[in-house]
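This is protein05.txt. It holds compact mmCIF, C-alpha atoms and all ligand atoms.
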# COMPACT_ATOMS: atom_id res chain seq x y z
CA MET A 1 124.29 101.22 70.46
CA SER A 2 125.53 97.61 70.86
CA ASP A 3 123.77 94.55 69.36
CA THR A 4 122.59 93.57 72.84
CA GLU A 5 120.97 96.97 73.34
CA VAL A 6 119.17 96.70 70.00
CA GLU A 7 117.89 93.28 70.98
CA THR A 8 116.67 94.51 74.38
CA GLU A 9 114.91 97.48 72.81
CA SER A 10 113.11 95.32 70.25
CA VAL A 11 111.49 93.13 72.93
CA ARG A 12 110.47 95.98 75.25
CA GLY A 13 106.79 95.73 76.15
CA HIS A 14 104.27 98.47 75.50
CA PHE A 15 103.48 100.89 78.27
CA ILE A 16 99.88 102.12 78.17
CA THR A 17 98.34 104.44 80.75
CA PHE A 18 94.71 105.36 81.48
CA GLU A 19 93.99 108.86 82.75
CA GLY A 20 91.04 111.14 83.44
CA GLY A 21 88.69 112.36 86.12
CA GLU A 22 86.60 110.52 88.68
CA GLY A 23 84.09 107.93 87.54
CA ALA A 24 85.29 108.18 83.93
CA GLY A 25 85.32 104.39 83.58
CA LYS A 26 89.11 103.88 83.54
CA SER A 27 89.14 100.93 85.95
CA THR A 28 86.27 99.20 84.13
CA GLN A 29 87.88 99.65 80.71
CA ILE A 30 91.44 98.81 81.73
CA LYS A 31 90.26 95.41 83.00
CA ARG A 32 88.32 94.80 79.80
CA LEU A 33 91.37 95.73 77.72
CA ALA A 34 93.65 93.45 79.75
CA ASP A 35 91.29 90.51 79.09
CA HIS A 36 91.00 91.42 75.42
CA LEU A 37 94.76 91.70 74.90
CA GLU A 38 95.31 88.37 76.63
CA ASP A 39 92.72 86.78 74.33
CA LEU A 40 94.70 88.20 71.40
CA GLY A 41 97.86 86.50 72.67
CA HIS A 42 99.65 89.40 74.42
CA ASP A 43 101.44 89.09 77.75
CA VAL A 44 99.82 91.75 79.94
CA ILE A 45 100.04 93.04 83.47
CA LEU A 46 97.69 95.48 85.10
CA THR A 47 98.84 97.97 87.70
CA ARG A 48 97.51 101.19 89.20
CA GLU A 49 98.61 104.40 90.88
CA PRO A 50 98.96 105.32 93.55
CA GLY A 51 99.84 101.72 94.27
CA GLY A 52 100.76 98.66 92.27
CA SER A 53 103.77 97.44 94.25
CA PRO A 54 103.35 96.53 97.95
CA GLY A 55 105.35 99.60 99.04
CA ALA A 56 103.29 101.93 96.87
CA GLU A 57 100.03 100.39 98.09
CA ALA A 58 101.06 101.36 101.62
CA VAL A 59 101.58 104.97 100.47
CA ARG A 60 98.21 104.83 98.66
CA HIS A 61 96.43 104.42 101.95
CA VAL A 62 98.25 107.43 103.43
CA VAL A 63 97.49 109.82 100.55
CA LEU A 64 93.93 108.75 99.76
CA SER A 65 92.78 108.69 103.38
CA GLY A 66 93.71 112.37 103.64
CA ALA A 67 96.26 111.63 106.39
CA ALA A 68 98.95 113.50 104.41
CA LYS A 69 96.81 116.57 103.65
CA ARG A 70 98.16 118.47 106.65
CA PHE A 71 101.70 118.28 105.19
CA GLY A 72 100.54 120.41 102.23
CA THR A 73 100.24 119.76 98.49
CA ASP A 74 104.01 119.79 97.83
CA MET A 75 104.58 116.96 100.26
CA GLU A 76 101.56 115.04 98.92
CA ALA A 77 103.20 115.35 95.48
CA VAL A 78 106.39 113.90 96.93
CA LEU A 79 104.44 110.95 98.35
CA PHE A 80 102.75 110.24 95.00
CA ALA A 81 106.18 110.44 93.37
CA ALA A 82 107.74 108.05 95.90
CA ALA A 83 104.92 105.56 95.32
CA ARG A 84 105.41 105.93 91.54
CA ASN A 85 109.11 105.24 91.81
CA ASP A 86 108.47 102.04 93.75
CA ASN A 87 105.87 100.88 91.22
CA VAL A 88 108.26 101.70 88.34
CA GLU A 89 111.16 99.81 89.92
CA GLN A 90 109.25 96.82 91.26
CA ILE A 91 106.57 96.26 88.63
CA ILE A 92 106.67 98.44 85.51
CA LYS A 93 110.31 98.36 84.41
CA PRO A 94 110.87 94.63 85.01
CA ALA A 95 107.69 93.83 83.04
CA LEU A 96 108.60 96.11 80.12
CA GLU A 97 112.11 94.68 80.00
CA ASN A 98 110.52 91.24 79.85
CA GLY A 99 108.44 92.20 76.79
CA THR A 100 105.19 92.38 78.76
CA THR A 101 102.58 95.01 77.97
CA VAL A 102 101.92 97.14 81.04
CA LEU A 103 98.51 98.74 81.56
CA CYS A 104 98.56 101.33 84.32
CA ASP A 105 95.44 102.93 85.83
CA ARG A 106 96.72 106.53 86.29
CA PHE A 107 100.39 107.56 86.10
CA MET A 108 102.42 110.77 85.80
CA ASP A 109 99.63 112.83 84.14
CA SER A 110 97.53 112.47 87.29
CA SER A 111 100.29 114.19 89.27
CA ARG A 112 100.56 116.94 86.65
CA VAL A 113 96.81 117.54 86.92
CA TYR A 114 95.85 116.79 90.56
CA GLN A 115 98.98 118.16 92.23
CA GLY A 116 99.93 120.69 89.51
CA VAL A 117 96.84 122.20 87.85
CA SER A 118 94.59 121.61 90.84
CA GLY A 119 96.96 121.61 93.81
CA GLY A 120 99.13 124.51 92.64
CA VAL A 121 102.43 122.66 93.00
CA ASP A 122 105.19 124.30 90.96
CA GLU A 123 105.35 122.80 87.43
CA LYS A 124 109.15 122.74 87.27
CA PHE A 125 109.36 120.94 90.61
CA LEU A 126 106.76 118.38 89.44
CA LEU A 127 108.48 117.75 86.11
CA ALA A 128 111.89 117.35 87.72
CA MET A 129 110.40 114.82 90.13
CA GLU A 130 108.60 113.09 87.25
CA GLN A 131 111.90 112.71 85.35
CA ALA A 132 113.64 111.31 88.39
CA VAL A 133 111.03 108.81 89.52
CA THR A 134 109.95 107.38 86.15
CA GLU A 135 113.56 106.39 85.34
CA GLY A 136 112.90 106.46 81.59
CA ALA A 137 109.66 104.46 81.84
CA ARG A 138 107.51 106.82 79.76
CA PRO A 139 104.10 105.75 78.47
CA ASP A 140 103.97 104.86 74.78
CA LEU A 141 100.24 105.51 74.69
CA THR A 142 97.97 107.38 77.09
CA LEU A 143 94.20 107.15 76.86
CA ILE A 144 92.55 110.19 78.40
CA PHE A 145 88.98 109.44 79.45
CA ASP A 146 86.96 112.59 79.03
CA LEU A 147 83.48 113.27 80.36
CA PRO A 148 81.60 116.13 82.04
CA PRO A 149 82.36 116.18 85.80
CA GLU A 150 78.66 115.99 86.71
CA VAL A 151 78.38 112.64 84.91
CA GLY A 152 81.61 111.34 86.44
CA LEU A 153 80.59 112.35 89.94
CA GLN A 154 77.17 110.77 89.50
CA ARG A 155 78.81 107.49 88.45
CA ALA A 156 81.43 107.66 91.20
CA SER A 157 78.79 108.33 93.85
CA VAL A 158 77.51 104.78 93.33
CA VAL A 159 80.97 103.54 94.38
CA TRP A 160 81.16 106.06 97.27
CA ALA A 161 77.89 104.70 98.63
CA GLU A 162 80.02 101.69 99.68
CA ASP A 163 83.46 103.21 100.53
CA GLY A 164 82.91 106.98 100.81
CA PRO A 165 84.84 109.54 98.70
CA ASP A 166 88.65 109.73 99.02
CA ARG A 167 90.74 112.85 99.72
CA PHE A 168 90.54 114.03 96.07
CA GLU A 169 87.05 112.87 95.23
CA SER A 170 85.51 115.05 97.91
CA GLU A 171 86.21 118.25 95.94
CA ASP A 172 83.66 120.26 93.92
CA ILE A 173 82.53 120.34 90.28
CA GLU A 174 84.49 123.52 89.49
CA GLU A 175 87.69 121.82 90.59
CA GLN A 176 86.82 118.71 88.59
CA GLU A 177 86.28 120.84 85.48
CA LYS A 178 89.70 122.45 86.00
CA ARG A 179 91.22 118.99 86.07
CA ARG A 180 89.29 117.93 82.99
CA GLN A 181 90.78 120.90 81.12
CA GLY A 182 94.21 119.99 82.54
CA PHE A 183 94.00 116.48 81.04
CA LEU A 184 92.75 117.86 77.70
CA LYS A 185 95.69 120.27 77.58
CA ILE A 186 98.13 117.39 78.07
CA ALA A 187 96.41 115.61 75.15
CA ARG A 188 96.80 118.72 72.97
CA ASP A 189 100.42 119.23 73.98
CA GLU A 190 101.43 115.60 73.41
CA PRO A 191 99.32 114.33 70.51
CA ASP A 192 101.79 111.57 69.60
CA ARG A 193 101.31 109.94 73.01
CA CYS A 194 97.74 110.81 73.97
CA VAL A 195 94.34 109.83 72.61
CA VAL A 196 91.17 111.36 74.06
CA ILE A 197 88.39 108.82 74.62
CA ASP A 198 84.81 110.13 74.80
CA ALA A 199 83.79 108.42 78.04
CA ASN A 200 80.26 109.82 78.00
CA GLN A 201 78.79 106.90 76.07
CA SER A 202 77.75 103.32 76.77
CA LEU A 203 80.26 100.80 78.14
CA THR A 204 80.24 98.99 74.80
CA ASN A 205 80.95 102.13 72.79
CA VAL A 206 83.74 103.22 75.15
CA SER A 207 85.29 99.74 74.76
CA LYS A 208 85.11 100.14 70.99
CA ALA A 209 86.87 103.52 71.20
CA VAL A 210 89.61 102.00 73.37
CA ASP A 211 90.04 99.13 70.93
CA ALA A 212 90.25 101.53 67.99
CA ALA A 213 92.97 103.55 69.76
CA LEU A 214 94.96 100.37 70.44
CA ARG A 215 94.63 99.19 66.84
CA GLN A 216 95.85 102.56 65.60
CA TYR A 217 98.81 102.53 67.99
CA PHE A 218 99.88 99.03 66.92
CA LYS A 219 99.42 99.89 63.25
CA GLN A 220 101.50 103.07 63.55
CA SER A 221 104.21 101.10 65.36
CA GLY A 222 104.21 98.48 62.57
CA LEU A 223 103.24 95.78 65.08
CA ASP A 224 100.76 92.92 65.10
CA TYR A 225 97.69 93.57 67.28
CA ASN A 226 95.99 90.20 66.66
CA ARG A 227 98.79 87.95 67.80
CA GLY A 228 96.62 84.92 68.59
N1 LIG B 301 95.95 110.88 92.32
C1 LIG B 301 96.67 112.04 92.47
O1 LIG B 301 96.18 113.00 93.06
N2 LIG B 301 97.94 112.09 91.97
C2 LIG B 301 98.53 111.06 91.34
O2 LIG B 301 99.69 111.15 90.89
C3 LIG B 301 97.76 109.85 91.19
C4 LIG B 301 96.48 109.81 91.69
C5 LIG B 301 98.36 108.67 90.50
C6 LIG B 301 93.07 107.63 93.03
O3 LIG B 301 91.80 107.25 93.15
C7 LIG B 301 93.11 109.10 93.42
O4 LIG B 301 94.45 109.55 93.51
C8 LIG B 301 92.45 109.92 92.36
C9 LIG B 301 93.52 110.88 91.85
C10 LIG B 301 94.59 110.80 92.88
N3 LIG B 301 91.44 110.64 93.05
N4 LIG B 301 90.42 110.96 92.57
N5 LIG B 301 89.47 111.34 92.39
P1 LIG B 301 91.24 105.82 92.82
O5 LIG B 301 92.31 104.97 92.22
O6 LIG B 301 90.57 105.29 94.02
O7 LIG B 301 90.07 106.15 91.84
P2 LIG B 301 90.03 106.83 90.42
O8 LIG B 301 91.26 106.55 89.65
O9 LIG B 301 89.66 108.25 90.57
O10 LIG B 301 88.89 106.01 89.74
P3 LIG B 301 87.36 106.06 89.96
O11 LIG B 301 86.86 107.31 90.53
O12 LIG B 301 86.99 104.82 90.67
O13 LIG B 301 86.83 106.10 88.51
P4 LIG B 301 87.15 105.22 87.23
O14 LIG B 301 88.13 104.14 87.49
O15 LIG B 301 87.47 106.16 86.15
O16 LIG B 301 85.71 104.59 86.92
P5 LIG B 301 85.15 103.08 87.15
O17 LIG B 301 85.46 102.64 88.54
O18 LIG B 301 85.49 102.22 86.04
O19 LIG B 301 83.59 103.43 87.03
C11 LIG B 301 82.90 104.16 88.03
C12 LIG B 301 81.41 103.73 88.02
O20 LIG B 301 80.82 104.07 86.75
C13 LIG B 301 81.22 102.22 88.18
O21 LIG B 301 80.06 101.99 88.90
C14 LIG B 301 81.05 101.73 86.73
O22 LIG B 301 80.29 100.55 86.64
C15 LIG B 301 80.33 102.92 86.09
N6 LIG B 301 80.65 103.09 84.67
C16 LIG B 301 81.85 102.95 84.06
N7 LIG B 301 81.76 103.21 82.74
C17 LIG B 301 80.45 103.54 82.51
C18 LIG B 301 79.73 103.92 81.32
N8 LIG B 301 80.33 104.02 80.13
N9 LIG B 301 78.43 104.20 81.45
C19 LIG B 301 77.80 104.11 82.66
N10 LIG B 301 78.42 103.74 83.81
C20 LIG B 301 79.75 103.47 83.73
As structure tokens, how would this structure be written, given the file I've shared?
Ligand code: Z5A
Amino acid sequence: MSDTEVETESVRGHFITFEGGEGAGKSTQIKRLADHLEDLGHDVILTREPGGSPGAEAVRHVVLSGAAKRFGTDMEAVLFAAARNDNVEQIIKPALENGTTVLCDRFMDSSRVYQGVSGGVDEKFLLAMEQAVTEGARPDLTLIFDLPPEVGLQRASVVWAEDGPDRFESEDIEEQEKRRQGFLKIARDEPDRCVVIDANQSLTNVSKAVDAALRQYFKQSGLDYNRG
């Protein structure tokens, strides 16, 4: 490895993803964390999937409206992957290379669970696509928000009262429980990357659990969390 490569690696930003089922509180907590990290002196950007980059946001509309359902789950997986690749190339990789911390609301684990565990798409096909589209941008830390599906659906229904459920939210409790177990399996299989957050507690206590996970990650990496 050349000196230049060492230098580039040492300034790479942190890549942190939020995963879990519907209504788990990911979007609420990711915004809180972004504000908190900025207060501590970190450069942060917030992105989401499907979406983030303008191209991926266009695909988001197609997949979440259900317009792509008739093409089958394999082709939906391809669309999520295409959106991911655009977000990686346009937003995530440039930010990481710039030393910025990237917080992403859902990423590759959502494809493994929604298209794989739940949609029945072949695991090898999904993983090959994942390798190709992430282009080496692998999360350093993944927070998996865990809560019983009934609680998540109850919370999400408040949001649906305004917008209605999307293509994936309109499925039943049994399916949601299957996904919950899918996320928990990823956490068991990749303990160095994943931390399970008990999302079935007050907003304040979930924020504390997120903060504790971040502190632990920075400590283990020998880095300064309180930069301010
Ligand atoms: N999808 C896929 O199939 N494959 C993929 O590769 C990817 C995604 C990347 C994206 O939906 C959909 O795409 C998703 C998977 C699929 N479908 N589903 N379902 P999205 O981006 O529109 O939504 P989401 O990611 O599922 O988020 P969500 O349902 O909006 O939930 P959330 O972000 O986890 O929760 P929230 O918005 O922060 O909170 C929901 C409500 O609960 C809200 O009113 C909060 O004020 C409240 N809340 C939050 N925390 C608490 C606590 N602790 N107590 C009480 N109330 C709370």
request  = Please provide the set of residues having any atom within 12 Å of Ala156 of chain A, restricted to only C-alpha atoms, with same-chain residues fewer than 4 positions apart removed, written as a ChimeraX atom specification.
outcome  = /A:21-27,149-152,160-166,169-170
request  = Determine, counting all atoms listed in the file, every residue of protein, DNA or RNA that lies within 10 Å of (108.5, 93.0, 79.6) in the file coordinates, then give the result as a PyMOL selection string.
outcome  = chain A and resi 8+11-15+43-45+91-102
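Using only C-alpha atoms and all ligand atoms for every distance, the candidate list A:Ala187, A:Val88, A:Val158, A:Leu143 yields A:Val158 as the residue closest to ligand LIG 301 (chain B).
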At most 8 Å from ligand LIG 301 (chain B) (only C-alpha atoms and all ligand atoms): residue list as an mmCIF file with C-alpha atoms, in the frame of the given file:
data_model
loop_
_atom_site.group_PDB
_atom_site.id
_atom_site.type_symbol
_atom_site.label_atom_id
_atom_site.label_comp_id
_atom_site.auth_asym_id
_atom_site.auth_seq_id
_atom_site.Cartn_x
_atom_site.Cartn_y
_atom_site.Cartn_z
ATOM 1 C CA GLU A 19 93.990 108.860 82.750
ATOM 2 C CA GLY A 20 91.040 111.140 83.440
ATOM 3 C CA GLY A 21 88.690 112.360 86.120
ATOM 4 C CA GLU A 22 86.600 110.520 88.680
ATOM 5 C CA GLY A 23 84.090 107.930 87.540
ATOM 6 C CA ALA A 24 85.290 108.180 83.930
ATOM 7 C CA GLY A 25 85.320 104.390 83.580
ATOM 8 C CA LYS A 26 89.110 103.880 83.540
ATOM 9 C CA SER A 27 89.140 100.930 85.950
ATOM 10 C CA THR A 28 86.270 99.200 84.130
ATOM 11 C CA GLN A 29 87.880 99.650 80.710
ATOM 12 C CA ARG A 48 97.510 101.190 89.200
ATOM 13 C CA GLU A 49 98.610 104.400 90.880
ATOM 14 C CA PRO A 50 98.960 105.320 93.550
ATOM 15 C CA ARG A 60 98.210 104.830 98.660
ATOM 16 C CA VAL A 63 97.490 109.820 100.550
ATOM 17 C CA LEU A 64 93.930 108.750 99.760
ATOM 18 C CA ALA A 77 103.200 115.350 95.480
ATOM 19 C CA PHE A 80 102.750 110.240 95.000
ATOM 20 C CA ALA A 81 106.180 110.440 93.370
ATOM 21 C CA ARG A 84 105.410 105.930 91.540
ATOM 22 C CA ASP A 105 95.440 102.930 85.830
ATOM 23 C CA ARG A 106 96.720 106.530 86.290
ATOM 24 C CA PHE A 107 100.390 107.560 86.100
ATOM 25 C CA MET A 108 102.420 110.770 85.800
ATOM 26 C CA ASP A 109 99.630 112.830 84.140
ATOM 27 C CA SER A 110 97.530 112.470 87.290
ATOM 28 C CA SER A 111 100.290 114.190 89.270
ATOM 29 C CA ARG A 112 100.560 116.940 86.650
ATOM 30 C CA VAL A 113 96.810 117.540 86.920
ATOM 31 C CA TYR A 114 95.850 116.790 90.560
ATOM 32 C CA GLN A 115 98.980 118.160 92.230
ATOM 33 C CA PHE A 145 88.980 109.440 79.450
ATOM 34 C CA GLY A 152 81.610 111.340 86.440
ATOM 35 C CA ARG A 155 78.810 107.490 88.450
ATOM 36 C CA ALA A 156 81.430 107.660 91.200
ATOM 37 C CA SER A 157 78.790 108.330 93.850
ATOM 38 C CA VAL A 158 77.510 104.780 93.330
ATOM 39 C CA VAL A 159 80.970 103.540 94.380
ATOM 40 C CA ASP A 166 88.650 109.730 99.020
ATOM 41 C CA ARG A 167 90.740 112.850 99.720
ATOM 42 C CA PHE A 168 90.540 114.030 96.070
ATOM 43 C CA GLU A 169 87.050 112.870 95.230
ATOM 44 C CA SER A 170 85.510 115.050 97.910
ATOM 45 C CA ALA A 199 83.790 108.420 78.040
ATOM 46 C CA ASN A 200 80.260 109.820 78.000
ATOM 47 C CA GLN A 201 78.790 106.900 76.070
ATOM 48 C CA SER A 202 77.750 103.320 76.770
ATOM 49 C CA LEU A 203 80.260 100.800 78.140
ATOM 50 C CA THR A 204 80.240 98.990 74.800
ATOM 51 C CA ASN A 205 80.950 102.130 72.790
ATOM 52 C CA VAL A 206 83.740 103.220 75.150
#
note = atom CA of Val196 of chain A sits from atom CA of Gly136 of chain A at a separation of 23.5 Å
key: Pick from A:Leu46, A:Ile16, A:Ile173, A:Ala68 nearest to Phe218 of chain A, counting only C-alpha atoms   = A:Ile16
Who sits within 8 Å of Ala209 of chain A, only C-alpha atoms, same chain under 4 positions skipped, as a compact mmCIF listing (two decimals) with C-alpha atoms, in the frame of the given file:
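Final output, saved to out27.txt:
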# COMPACT_ATOMS: atom_id res chain seq x y z
CA ILE A 197 88.39 108.82 74.62
CA ASP A 198 84.81 110.13 74.80
CA ASN A 205 80.95 102.13 72.79
CA ALA A 213 92.97 103.55 69.76
inquiry  = To one decimal place in Å, what is the distance between atom CA of Glu135 of chain A and atom CA of Glu89 of chain A?
reply    = 8.4 Å
task = Return the single residue from A:Ala212, A:Glu57, A:Arg227, A:Ile144 that is closest to Val195 of chain A, with distances computed using only C-alpha atoms.
result = A:Ile144
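Counting only C-alpha atoms, the residue from A:Ser118, A:Thr142, A:Thr134, A:Gln216 that sits nearest to Gly182 of chain A is A:Ser118.
Distances from A:Asp192, A:Asp39, A:Asp146, A:Asp74 to Glu123 of chain A were compared using only C-alpha atoms, and the smallest one belongs to A:Asp74.
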Around all listed atoms of segment 185-201 of chain A, padded 4 Å per side, what centre and edge lengths does the axis-aligned box have in Å to one decimal, as JSON?
{"center_x": 90.3, "center_y": 113.6, "center_z": 73.8, "size_x": 31.0, "size_y": 21.4, "size_z": 16.5}
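Between atom CA of Val59 of chain A and atom CA of Met75 of chain A the separation is 12.4 Å.
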message = Under the rule that all atoms listed in the file are counted, which of A:Val117, A:Thr17, A:Asp189, A:Ala83 is the nearest residue to Asp140 of chain A?
response = A:Thr17
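By all atoms listed in the file, and with residues fewer than 4 positions from Asp86 of chain A along its chain excluded, the set lying at most 7 Å from it is Ser53, Gly55, Ala56, Ala82 and Gln90 of chain A.
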